[in-house]
file start32.cif (mmCIF, C-alpha atoms and all ligand atoms)
data_start
loop_
_atom_site.label_atom_id
_atom_site.label_comp_id
_atom_site.auth_asym_id
_atom_site.auth_seq_id
_atom_site.Cartn_x
_atom_site.Cartn_y
_atom_site.Cartn_z
CA MET V 217 142.61 72.79 67.92
CA GLY V 218 145.25 75.50 67.74
CA ARG V 219 145.43 75.73 71.50
CA ILE V 220 146.07 71.99 71.96
CA ALA V 221 148.79 71.97 69.32
CA THR V 222 150.54 74.82 71.14
CA ALA V 223 150.25 73.08 74.50
CA THR V 224 151.61 69.71 73.31
CA ASP V 225 154.51 71.48 71.59
CA ARG V 226 155.63 72.56 74.99
CA VAL V 227 155.66 69.09 76.57
CA THR V 228 159.34 68.37 77.17
CA THR V 229 160.99 64.96 77.00
CA PRO V 230 162.75 63.76 80.19
CA GLY V 231 166.40 64.02 79.14
CA PRO V 232 168.96 61.35 80.01
CA GLU V 233 167.54 60.39 83.40
CA ARG V 234 165.09 57.66 82.48
CA LEU V 235 164.43 55.56 85.57
CA ARG V 236 162.27 53.13 83.65
CA ARG V 237 165.39 51.64 81.98
CA LEU V 238 166.00 49.31 84.91
CA ARG V 239 162.34 48.34 85.28
CA ARG V 240 161.89 46.83 81.84
CA THR V 241 162.20 43.14 82.68
CA ALA V 242 161.86 40.95 85.74
CA ALA V 243 165.56 40.10 85.47
CA LEU V 244 166.57 43.78 85.49
CA ARG V 245 164.27 44.52 88.41
CA SER V 246 165.70 41.60 90.32
CA LEU V 247 169.27 42.68 89.58
CA VAL V 248 168.81 46.16 91.01
CA ARG V 249 166.52 45.23 93.91
CA GLN V 250 167.89 46.90 97.03
CA THR V 251 165.89 45.14 99.72
CA ARG V 252 165.68 41.37 99.68
CA LEU V 253 163.88 39.22 102.18
CA SER V 254 165.20 35.97 103.55
CA PRO V 255 163.33 33.40 105.67
CA ALA V 256 166.39 33.40 107.94
CA GLN V 257 165.42 36.83 109.22
CA PHE V 258 161.89 35.81 110.21
CA VAL V 259 160.93 34.77 113.73
CA MET V 260 157.60 33.02 114.29
CA PRO V 261 155.66 33.63 117.52
CA LEU V 262 154.29 30.40 119.03
CA PHE V 263 151.69 30.14 121.80
CA VAL V 264 152.27 27.17 124.06
CA ILE V 265 149.78 25.42 126.35
CA SER V 266 149.96 22.37 128.59
CA GLY V 267 148.88 18.84 127.72
CA LYS V 268 149.44 16.63 124.70
CA ASP V 269 148.21 16.72 121.14
CA ARG V 270 146.25 19.92 121.72
CA SER V 271 145.71 22.64 119.15
CA GLU V 272 143.24 25.45 119.86
CA PRO V 273 142.79 27.67 116.81
CA ILE V 274 143.05 31.42 117.34
CA ASN V 275 140.06 33.07 115.69
CA SER V 276 141.61 36.38 114.81
CA LEU V 277 144.87 34.86 113.54
CA PRO V 278 143.90 32.33 110.87
CA GLY V 279 146.36 29.46 110.62
CA HIS V 280 147.60 29.99 114.18
CA ALA V 281 146.72 28.02 117.27
CA ARG V 282 147.63 27.55 120.89
CA LEU V 283 149.74 24.39 120.81
CA SER V 284 150.73 21.79 123.36
CA VAL V 285 154.47 21.13 123.57
CA ASP V 286 154.46 18.16 121.18
CA ARG V 287 152.48 20.12 118.59
CA ALA V 288 154.76 23.13 119.03
CA VAL V 289 157.78 20.95 118.32
CA ALA V 290 156.09 19.60 115.18
CA ARG V 291 155.34 23.14 114.06
CA ALA V 292 158.94 24.19 114.75
CA ARG V 293 160.13 21.30 112.61
CA GLU V 294 158.12 22.66 109.66
CA LEU V 295 159.48 26.15 110.27
CA ALA V 296 163.06 24.88 110.32
CA GLN V 297 162.38 23.04 107.07
CA LEU V 298 161.24 26.33 105.54
CA GLY V 299 164.44 28.05 106.64
CA VAL V 300 162.73 30.32 109.18
CA GLY V 301 165.26 31.87 111.56
CA GLY V 302 163.68 31.29 114.92
CA VAL V 303 160.67 30.98 117.18
CA LEU V 304 159.50 33.30 119.94
CA LEU V 305 157.58 31.48 122.64
CA PHE V 306 154.63 32.77 124.64
CA GLY V 307 153.09 30.65 127.38
CA ILE V 308 149.47 30.35 128.36
CA PRO V 309 149.36 28.77 131.82
CA ASP V 310 146.55 26.59 133.18
CA SER V 311 145.96 28.97 136.04
CA LYS V 312 146.69 32.61 136.63
CA ASP V 313 147.18 34.55 139.87
CA ASP V 314 147.65 38.15 141.02
CA GLU V 315 151.41 37.97 140.88
CA GLY V 316 151.79 35.94 137.71
CA THR V 317 153.94 33.48 139.61
CA SER V 318 153.55 30.74 136.99
CA ALA V 319 155.66 32.82 134.58
CA ALA V 320 158.78 31.43 136.25
CA ASP V 321 157.48 27.89 136.82
CA PRO V 322 160.07 25.48 135.37
CA GLN V 323 157.18 23.07 134.67
CA GLY V 324 155.21 25.77 132.82
CA PRO V 325 154.50 25.61 129.08
CA VAL V 326 157.42 27.77 127.96
CA PRO V 327 160.23 25.95 129.82
CA ALA V 328 158.68 22.60 128.84
CA ALA V 329 158.60 23.64 125.17
CA LEU V 330 162.15 24.97 125.34
CA ARG V 331 163.46 21.69 126.72
CA ALA V 332 161.65 19.73 124.02
CA LEU V 333 162.84 22.06 121.29
CA LYS V 334 166.40 21.91 122.54
CA GLN V 335 166.15 18.14 122.49
CA ALA V 336 164.86 18.27 118.89
CA ASP V 337 168.03 20.17 117.96
CA LEU V 338 166.52 22.11 115.04
CA PRO V 339 168.41 24.86 113.22
CA LEU V 340 166.21 27.51 114.84
CA VAL V 341 166.97 30.23 117.35
CA LEU V 342 164.97 29.64 120.52
CA ALA V 343 163.62 32.86 121.97
CA ALA V 344 161.18 33.35 124.84
CA ASP V 345 159.06 36.39 125.60
CA VAL V 346 159.40 37.59 129.19
CA CYS V 347 156.29 39.28 130.58
CA LEU V 348 153.70 38.65 133.24
CA CYS V 349 150.52 39.59 131.34
CA GLU V 350 149.78 36.05 130.19
CA TYR V 351 150.22 34.85 133.77
CA THR V 352 148.41 37.46 135.87
CA SER V 353 144.72 37.14 136.65
CA HIS V 354 144.27 40.91 136.05
CA GLY V 355 146.12 40.82 132.71
CA HIS V 356 148.57 43.61 133.50
CA CYS V 357 152.26 43.17 132.72
CA GLY V 358 153.42 43.31 136.34
CA ILE V 359 152.48 43.15 140.00
CA LEU V 360 149.90 45.67 141.13
CA ALA V 361 150.21 48.20 143.88
CA GLY V 362 146.65 49.46 144.09
CA ARG V 363 145.65 50.15 140.51
CA GLU V 364 149.18 50.80 139.28
CA VAL V 365 151.87 48.37 138.22
CA ASP V 366 154.75 48.31 140.72
CA ASN V 367 157.84 48.66 138.54
CA ASP V 368 160.58 47.47 140.87
CA ALA V 369 158.65 44.59 142.43
CA THR V 370 157.86 43.37 138.92
CA LEU V 371 161.54 43.35 137.92
CA ILE V 372 162.23 40.52 140.36
CA LEU V 373 159.57 38.28 138.81
CA LEU V 374 160.66 39.10 135.28
CA ALA V 375 164.25 38.22 136.16
CA GLU V 376 163.14 34.90 137.69
CA ALA V 377 161.17 34.06 134.57
CA ALA V 378 164.12 34.92 132.30
CA VAL V 379 166.43 32.67 134.31
CA ALA V 380 163.88 29.82 134.16
CA TYR V 381 163.72 30.16 130.37
CA ALA V 382 167.51 30.33 130.02
CA ASP V 383 167.78 27.24 132.26
CA ALA V 384 165.38 25.46 129.90
CA GLY V 385 167.38 26.35 126.80
CA ALA V 386 166.35 29.81 125.56
CA GLN V 387 169.16 31.45 123.61
CA ILE V 388 167.36 34.78 123.59
CA VAL V 389 164.99 36.25 126.16
CA GLY V 390 162.75 39.13 125.18
CA PRO V 391 161.52 41.34 128.02
CA SER V 392 158.25 42.94 126.86
CA ALA V 393 156.72 44.31 130.05
CA MET V 394 158.03 47.87 129.50
CA MET V 395 159.21 48.17 133.11
CA ASP V 396 162.06 50.63 133.63
CA GLY V 397 165.31 48.80 134.25
CA GLN V 398 164.08 45.45 132.96
CA VAL V 399 167.07 44.87 130.69
CA ALA V 400 169.60 45.53 133.48
CA ALA V 401 167.58 43.37 135.87
CA LEU V 402 167.57 40.46 133.44
CA ARG V 403 171.25 40.85 132.54
CA GLY V 404 172.26 40.82 136.19
CA ALA V 405 170.12 37.81 137.04
CA LEU V 406 171.20 35.84 133.96
CA ASP V 407 174.88 36.50 134.61
CA ALA V 408 174.51 35.49 138.25
CA ALA V 409 172.79 32.27 137.17
CA ASP V 410 175.63 31.34 134.86
CA HIS V 411 173.80 32.44 131.71
CA ALA V 412 176.21 35.10 130.49
CA GLY V 413 175.73 33.63 127.02
CA THR V 414 171.97 34.21 126.90
CA ALA V 415 171.15 37.23 124.74
CA ILE V 416 168.53 39.87 125.47
CA MET V 417 166.24 41.15 122.76
CA ALA V 418 164.68 44.22 124.31
CA TYR V 419 161.19 45.27 123.39
CA ALA V 420 162.72 48.72 123.59
CA SER V 421 160.25 50.92 121.86
CA LYS V 422 156.92 49.24 122.45
CA ALA V 423 153.90 51.44 122.02
CA ALA V 424 150.56 51.20 123.82
CA SER V 425 148.88 50.09 120.63
CA ALA V 426 145.44 49.15 119.41
CA PHE V 427 147.09 46.53 117.22
CA TYR V 428 147.67 43.94 119.97
CA GLY V 429 144.01 42.89 120.09
CA PRO V 430 144.26 39.45 118.48
CA PHE V 431 147.30 38.59 120.60
CA ARG V 432 145.39 39.37 123.76
CA GLU V 433 142.57 37.15 122.60
CA ALA V 434 145.11 34.38 121.96
CA ALA V 435 146.84 34.83 125.30
CA GLY V 436 143.80 35.77 127.37
CA SER V 437 145.79 38.80 128.52
CA THR V 438 143.39 41.70 128.07
CA PRO V 439 143.71 43.88 131.19
CA SER V 440 140.66 43.43 133.43
CA PHE V 441 140.68 47.19 134.19
CA GLY V 442 142.36 50.22 132.67
CA ASP V 443 144.93 49.90 129.91
CA ARG V 444 148.70 49.70 129.47
CA ARG V 445 149.40 53.37 128.87
CA GLY V 446 151.00 53.71 132.29
CA TYR V 447 153.93 51.59 131.15
CA GLN V 448 153.85 51.12 127.37
CA MET V 449 154.95 54.09 125.27
CA ASP V 450 152.80 56.82 123.78
CA TYR V 451 153.05 56.19 120.05
CA SER V 452 153.11 59.95 119.47
CA ASN V 453 156.67 60.29 120.77
CA ALA V 454 159.65 59.60 118.53
CA ARG V 455 162.28 61.19 120.79
CA GLU V 456 161.07 59.15 123.74
CA ALA V 457 161.31 56.03 121.58
CA MET V 458 164.98 56.81 120.96
CA ARG V 459 165.51 57.32 124.69
CA GLU V 460 163.91 53.95 125.42
CA MET V 461 166.31 52.36 122.97
CA GLU V 462 169.29 54.32 124.30
CA VAL V 463 168.56 53.19 127.86
CA ASP V 464 168.07 49.56 126.85
CA ALA V 465 171.28 49.59 124.80
CA ARG V 466 173.15 51.01 127.78
CA GLU V 467 171.62 48.36 130.06
CA GLY V 468 173.09 45.70 127.79
CA ALA V 469 170.42 44.80 125.23
CA ASP V 470 171.94 42.69 122.47
CA ILE V 471 169.07 43.32 120.04
CA LEU V 472 166.72 46.30 120.03
CA MET V 473 163.14 45.82 118.94
CA VAL V 474 160.52 48.23 117.71
CA LYS V 475 156.84 47.38 117.94
CA PRO V 476 154.38 47.53 116.18
CA ALA V 477 156.29 47.47 112.89
CA LEU V 478 154.23 49.18 110.22
CA THR V 479 153.27 52.12 112.43
CA SER V 480 156.92 52.63 113.52
CA LEU V 481 158.86 52.66 110.26
CA ASP V 482 160.21 56.13 111.02
CA LEU V 483 161.56 54.85 114.33
CA LEU V 484 163.39 52.05 112.55
CA VAL V 485 165.01 54.55 110.19
CA ARG V 486 166.17 56.67 113.11
CA ALA V 487 167.34 53.69 115.15
CA GLN V 488 169.35 52.28 112.28
CA LYS V 489 171.41 55.47 112.10
CA ARG V 490 171.92 55.58 115.80
CA PHE V 491 172.58 52.09 117.15
CA ASP V 492 175.14 49.53 116.08
CA VAL V 493 173.20 46.50 117.28
CA PRO V 494 170.82 44.27 115.32
CA LEU V 495 167.39 45.83 115.00
CA ALA V 496 164.19 43.84 115.13
CA ALA V 497 160.62 44.80 114.33
CA TYR V 498 157.51 42.97 115.52
CA GLN V 499 154.78 42.85 112.91
CA VAL V 500 152.11 42.42 115.55
CA SER V 501 148.90 40.45 115.57
CA GLY V 502 146.68 43.35 114.52
CA GLU V 503 148.84 44.17 111.53
CA VAL V 504 148.45 40.63 110.25
CA ALA V 505 144.78 40.42 111.23
CA MET V 506 144.01 43.47 109.07
CA LEU V 507 145.66 41.81 106.14
CA GLU V 508 143.92 38.49 106.72
CA ALA V 509 140.50 40.10 107.04
CA ALA V 510 140.93 42.12 103.85
CA ALA V 511 142.29 39.12 101.97
CA GLU V 512 139.39 36.98 103.13
CA ARG V 513 137.00 39.48 101.58
CA GLY V 514 138.98 39.59 98.39
CA TRP V 515 139.90 43.21 99.05
CA LEU V 516 143.64 42.59 99.06
CA ASP V 517 145.88 39.95 97.61
CA ARG V 518 147.31 38.24 100.68
CA LYS V 519 150.69 37.29 99.28
CA SER V 520 151.44 40.58 97.50
CA ALA V 521 150.32 42.69 100.42
CA GLY V 522 152.18 40.49 102.90
CA ILE V 523 155.46 40.63 101.02
CA GLU V 524 155.07 44.38 100.49
CA ALA V 525 154.57 45.03 104.21
CA LEU V 526 157.52 42.82 105.18
CA THR V 527 159.74 44.47 102.57
CA ALA V 528 158.86 47.95 103.88
CA ILE V 529 159.76 46.85 107.41
CA VAL V 530 163.15 45.55 106.29
CA ARG V 531 163.77 48.56 104.02
CA ALA V 532 163.18 50.85 107.01
CA GLY V 533 165.98 49.13 108.89
CA ALA V 534 164.84 45.94 110.60
CA GLY V 535 167.20 43.02 110.11
CA ILE V 536 164.95 40.70 112.09
CA VAL V 537 161.18 40.55 111.67
CA ILE V 538 158.97 38.78 114.17
CA THR V 539 155.90 37.89 112.18
CA TYR V 540 152.91 35.57 112.13
CA LEU V 541 153.49 35.39 108.38
CA ALA V 542 156.90 33.73 108.84
CA ALA V 543 155.90 30.35 107.39
CA ASP V 544 153.83 31.73 104.53
CA ALA V 545 156.40 34.35 103.66
CA ALA V 546 159.15 31.71 103.60
CA ARG V 547 156.98 29.69 101.19
CA TRP V 548 156.24 32.73 99.05
CA LEU V 549 159.94 33.49 98.74
CA GLN V 550 160.62 29.88 97.73
CA GLU V 551 157.87 30.04 95.09
CA ASP V 552 159.24 33.25 93.65
CA ALA V 553 162.79 31.93 93.57
CA ALA V 554 161.61 28.84 91.69
CA ARG V 555 159.92 30.93 89.03
C1 LIG V 601 153.26 40.89 126.21
C2 LIG V 601 153.20 41.05 124.76
C3 LIG V 601 152.16 41.55 123.96
C4 LIG V 601 152.57 41.38 122.65
C5 LIG V 601 153.85 40.84 122.68
N1 LIG V 601 154.23 40.66 123.99
C6 LIG V 601 150.81 42.03 124.32
C7 LIG V 601 150.63 43.32 124.97
O1 LIG V 601 151.57 44.08 125.23
O2 LIG V 601 149.48 43.60 125.27
C8 LIG V 601 151.75 41.71 121.44
C9 LIG V 601 152.11 40.96 120.22
C10 LIG V 601 151.10 40.98 119.15
O3 LIG V 601 150.11 41.72 119.16
O4 LIG V 601 151.31 40.19 118.22
N2 LIG V 601 153.32 42.02 126.96
#
call {"tool": "encode", "arguments": {"input": "start32.cif", "output": "structure tokens"}}
result
Amino acid sequence: MGRIATATDRVTTPGPERLRRLRRTAALRSLVRQTRLSPAQFVMPLFVISGKDRSEPINSLPGHARLSVDRAVARARELAQLGVGGVLLFGIPDSKDDEGTSAADPQGPVPAALRALKQADLPLVLAADVCLCEYTSHGHCGILAGREVDNDATLILLAEAAVAYADAGAQIVGPSAMMDGQVAALRGALDAADHAGTAIMAYASKAASAFYGPFREAAGSTPSFGDRRGYQMDYSNAREAMREMEVDAREGADILMVKPALTSLDLLVRAQKRFDVPLAAYQVSGEVAMLEAAAERGWLDRKSAGIEALTAIVRAGAGIVITYLAADAARWLQEDAAR
């Protein structure tokens, strides 16, 4: 008894700094909230296929599907209605070859979708991913020389694809192949093709990550041998990530992207201090798949966990978030604003 009395006597009160003062009501919390999300900063990835009225659900990304052009336009209409900022297009061609030649086909799914979306004139930014992995039969992001990807030969094909997408109406092209010099190659080719106004969002710091699994299922782009560690970054290296961004900025990237998002928050913090260009983060397929799987089992609340992850990404420094949650998150924000 005596001992407890002595111990509690010594418990001090906190003094004037009481941080709970501003947490007392929802209105106070809202007033002092430092990081706010807006649907305008979300970009939704869309997978486009050929044909009409086709929608092939993607198993590991519930609510997402490979869409024919008409369906993609309908989806984009909904996204625009929700105030989502933009769409990022990925194409899945009917046939693949060694050199991924269909990436630059003006009749391919991405250019066709871009033309239709441009025609629809929605208040959405039209962005197109530029890579060969969806178009090569071996699933690597460039042309092979033996069992390695030939950097400089690949640049030519990436540049051709970027020009085809700009011709079709892309306002932003996003090179994601992690070839050295890809930003400069695209900038040069775009300028020469009269597309000086087309912006480049560089997948600058893109790690060789285990979190791209569902995407590869969706795009049928799993490498048939080896992995991507010969060109994508080692996620262990923060200084190298800054160098990747430095080089891309110097080559003329208009937007720098970090990917995956949740495993690269430290990189966003560093990049924000260092670069005066808009920063984007890609909350990749595996990040969302984890959340979906846990929510399905009742282990996590989907909405709360989703908003929390997105808020952390923006708090770390991303102004733009590419996310499969774009539509849901826009709806969640609307719901909360109405409350
Ligand atoms: C293409 C590309 C990939 C992703 C975006 N662009 C796949 C990869 O690098 O294997 C992954 C996106 C995601 O997982 O959502 N190179």
call {"tool": "residues_around", "arguments": {"input": "start32.cif", "residues": "Arg363 (chain V)", "least_positions_apart": "3", "cutoff": "10 Å", "atoms": "all atoms listed in the file", "output": "VMD selection string"}}
result
chain V and resid 359 to 360 366 441 to 442
call {"tool": "write_last_selection", "arguments": {"input": "start32.cif", "atoms": "C-alpha atoms", "output": "mmCIF file, keeping the file's coordinate frame"}}
result
data_model
loop_
_atom_site.group_PDB
_atom_site.id
_atom_site.type_symbol
_atom_site.label_atom_id
_atom_site.label_comp_id
_atom_site.auth_asym_id
_atom_site.auth_seq_id
_atom_site.Cartn_x
_atom_site.Cartn_y
_atom_site.Cartn_z
ATOM 1 C CA ILE V 359 152.480 43.150 140.000
ATOM 2 C CA LEU V 360 149.900 45.670 141.130
ATOM 3 C CA ASP V 366 154.750 48.310 140.720
ATOM 4 C CA PHE V 441 140.680 47.190 134.190
ATOM 5 C CA GLY V 442 142.360 50.220 132.670
#
call {"tool": "residues_around", "arguments": {"input": "start32.cif", "residues": "region 506-520 of chain V", "least_positions_apart": "5", "cutoff": "12 Å", "atoms": "all atoms listed in the file", "output": "PyMOL selection string"}}
result
chain V and resi 275-280+426-430+478+499-501+525-527+540-549+551-552
call {"tool": "residues_near_ligand", "arguments": {"input": "start32.cif", "ligand": "ligand LIG 601 (chain V)", "cutoff": "9 Å", "atoms": "all atoms listed in the file", "output": "PyMOL selection string"}}
result
chain V and resi 261+306+345-350+355-357+390-394+419+422-432+435+437-439+444+448+475-476+498-504+538-540
call {"tool": "closest_residue", "arguments": {"input": "start32.cif", "among": "V:Ser452, V:Gln488, V:Ser480, V:Thr317", "to": "Ser353 (chain V)", "atoms": "only C-alpha atoms"}}
result
V:Thr317
call {"tool": "closest_residue", "arguments": {"input": "start32.cif", "among": "V:Val485, V:Pro494, V:Gly385, V:Leu373", "to": "Ala418 (chain V)", "atoms": "all atoms listed in the file"}}
result
V:Pro494
call {"tool": "residues_around", "arguments": {"input": "start32.cif", "residues": "region 460-468 of chain V", "least_positions_apart": "4", "cutoff": "12 Å", "atoms": "only C-alpha atoms", "output": "number ranges by chain"}}
result
V: 390-392, 394-404, 406-407, 412, 414-423, 447-450, 453-456, 472-475, 483-484, 486-488, 490-496
call {"tool": "atom_distance", "arguments": {"input": "start32.cif", "atom1": "CA of Val341 (chain V)", "atom2": "CA of Pro273 (chain V)"}}
result
24.3 Å
call {"tool": "residues_around", "arguments": {"input": "start32.cif", "residues": "Val303 (chain V)", "least_positions_apart": "2", "cutoff": "6 Å", "atoms": "all atoms listed in the file", "output": "list in words"}}
result
Val259, Met260, Pro261, Leu342 and Ala343 of chain V
call {"tool": "axis_aligned_box", "arguments": {"input": "start32.cif", "around": "region 315-318 of chain V", "padding_each_side": "6 Å", "output": "JSON"}}
result
{"center_x": 152.7, "center_y": 34.4, "center_z": 138.9, "size_x": 14.5, "size_y": 19.2, "size_z": 15.9}
call {"tool": "residues_around", "arguments": {"input": "start32.cif", "residues": "Phe263 (chain V)", "least_positions_apart": "5", "cutoff": "12 Å", "atoms": "only C-alpha atoms", "output": "compact mmCIF listing (two decimals) with C-alpha atoms, in the coordinates of the input"}}
result
# COMPACT_ATOMS: atom_id res chain seq x y z
CA ARG V 270 146.25 19.92 121.72
CA SER V 271 145.71 22.64 119.15
CA GLU V 272 143.24 25.45 119.86
CA PRO V 273 142.79 27.67 116.81
CA ILE V 274 143.05 31.42 117.34
CA LEU V 277 144.87 34.86 113.54
CA HIS V 280 147.60 29.99 114.18
CA ALA V 281 146.72 28.02 117.27
CA ARG V 282 147.63 27.55 120.89
CA LEU V 283 149.74 24.39 120.81
CA SER V 284 150.73 21.79 123.36
CA VAL V 285 154.47 21.13 123.57
CA ARG V 287 152.48 20.12 118.59
CA ALA V 288 154.76 23.13 119.03
CA VAL V 289 157.78 20.95 118.32
CA ARG V 291 155.34 23.14 114.06
CA ALA V 292 158.94 24.19 114.75
CA VAL V 303 160.67 30.98 117.18
CA LEU V 304 159.50 33.30 119.94
CA LEU V 305 157.58 31.48 122.64
CA PHE V 306 154.63 32.77 124.64
CA GLY V 307 153.09 30.65 127.38
CA ILE V 308 149.47 30.35 128.36
CA PRO V 309 149.36 28.77 131.82
CA PRO V 325 154.50 25.61 129.08
CA VAL V 326 157.42 27.77 127.96
CA ALA V 329 158.60 23.64 125.17
CA ALA V 344 161.18 33.35 124.84
CA ASP V 345 159.06 36.39 125.60
CA GLU V 350 149.78 36.05 130.19
CA PHE V 431 147.30 38.59 120.60
CA ARG V 432 145.39 39.37 123.76
CA GLU V 433 142.57 37.15 122.60
CA ALA V 434 145.11 34.38 121.96
CA ALA V 435 146.84 34.83 125.30
CA GLY V 436 143.80 35.77 127.37
CA TYR V 540 152.91 35.57 112.13
call {"tool": "closest_residue", "arguments": {"input": "start32.cif", "among": "V:Ala369, V:Leu253, V:Ala521, V:Ala554", "to": "Val300 (chain V)", "atoms": "only C-alpha atoms"}}
result
V:Leu253
call {"tool": "atom_distance", "arguments": {"input": "start32.cif", "atom1": "CA of Tyr451 (chain V)", "atom2": "CA of Ile529 (chain V)"}}
result
17.1 Å
call {"tool": "atom_distance", "arguments": {"input": "start32.cif", "atom1": "CA of Glu294 (chain V)", "atom2": "CA of Gln250 (chain V)"}}
result
29.0 Å
call {"tool": "closest_residue", "arguments": {"input": "start32.cif", "among": "V:Asp225, V:Ala361, V:Thr251, V:Asp269", "to": "Ala528 (chain V)", "atoms": "only C-alpha atoms"}}
result
V:Thr251
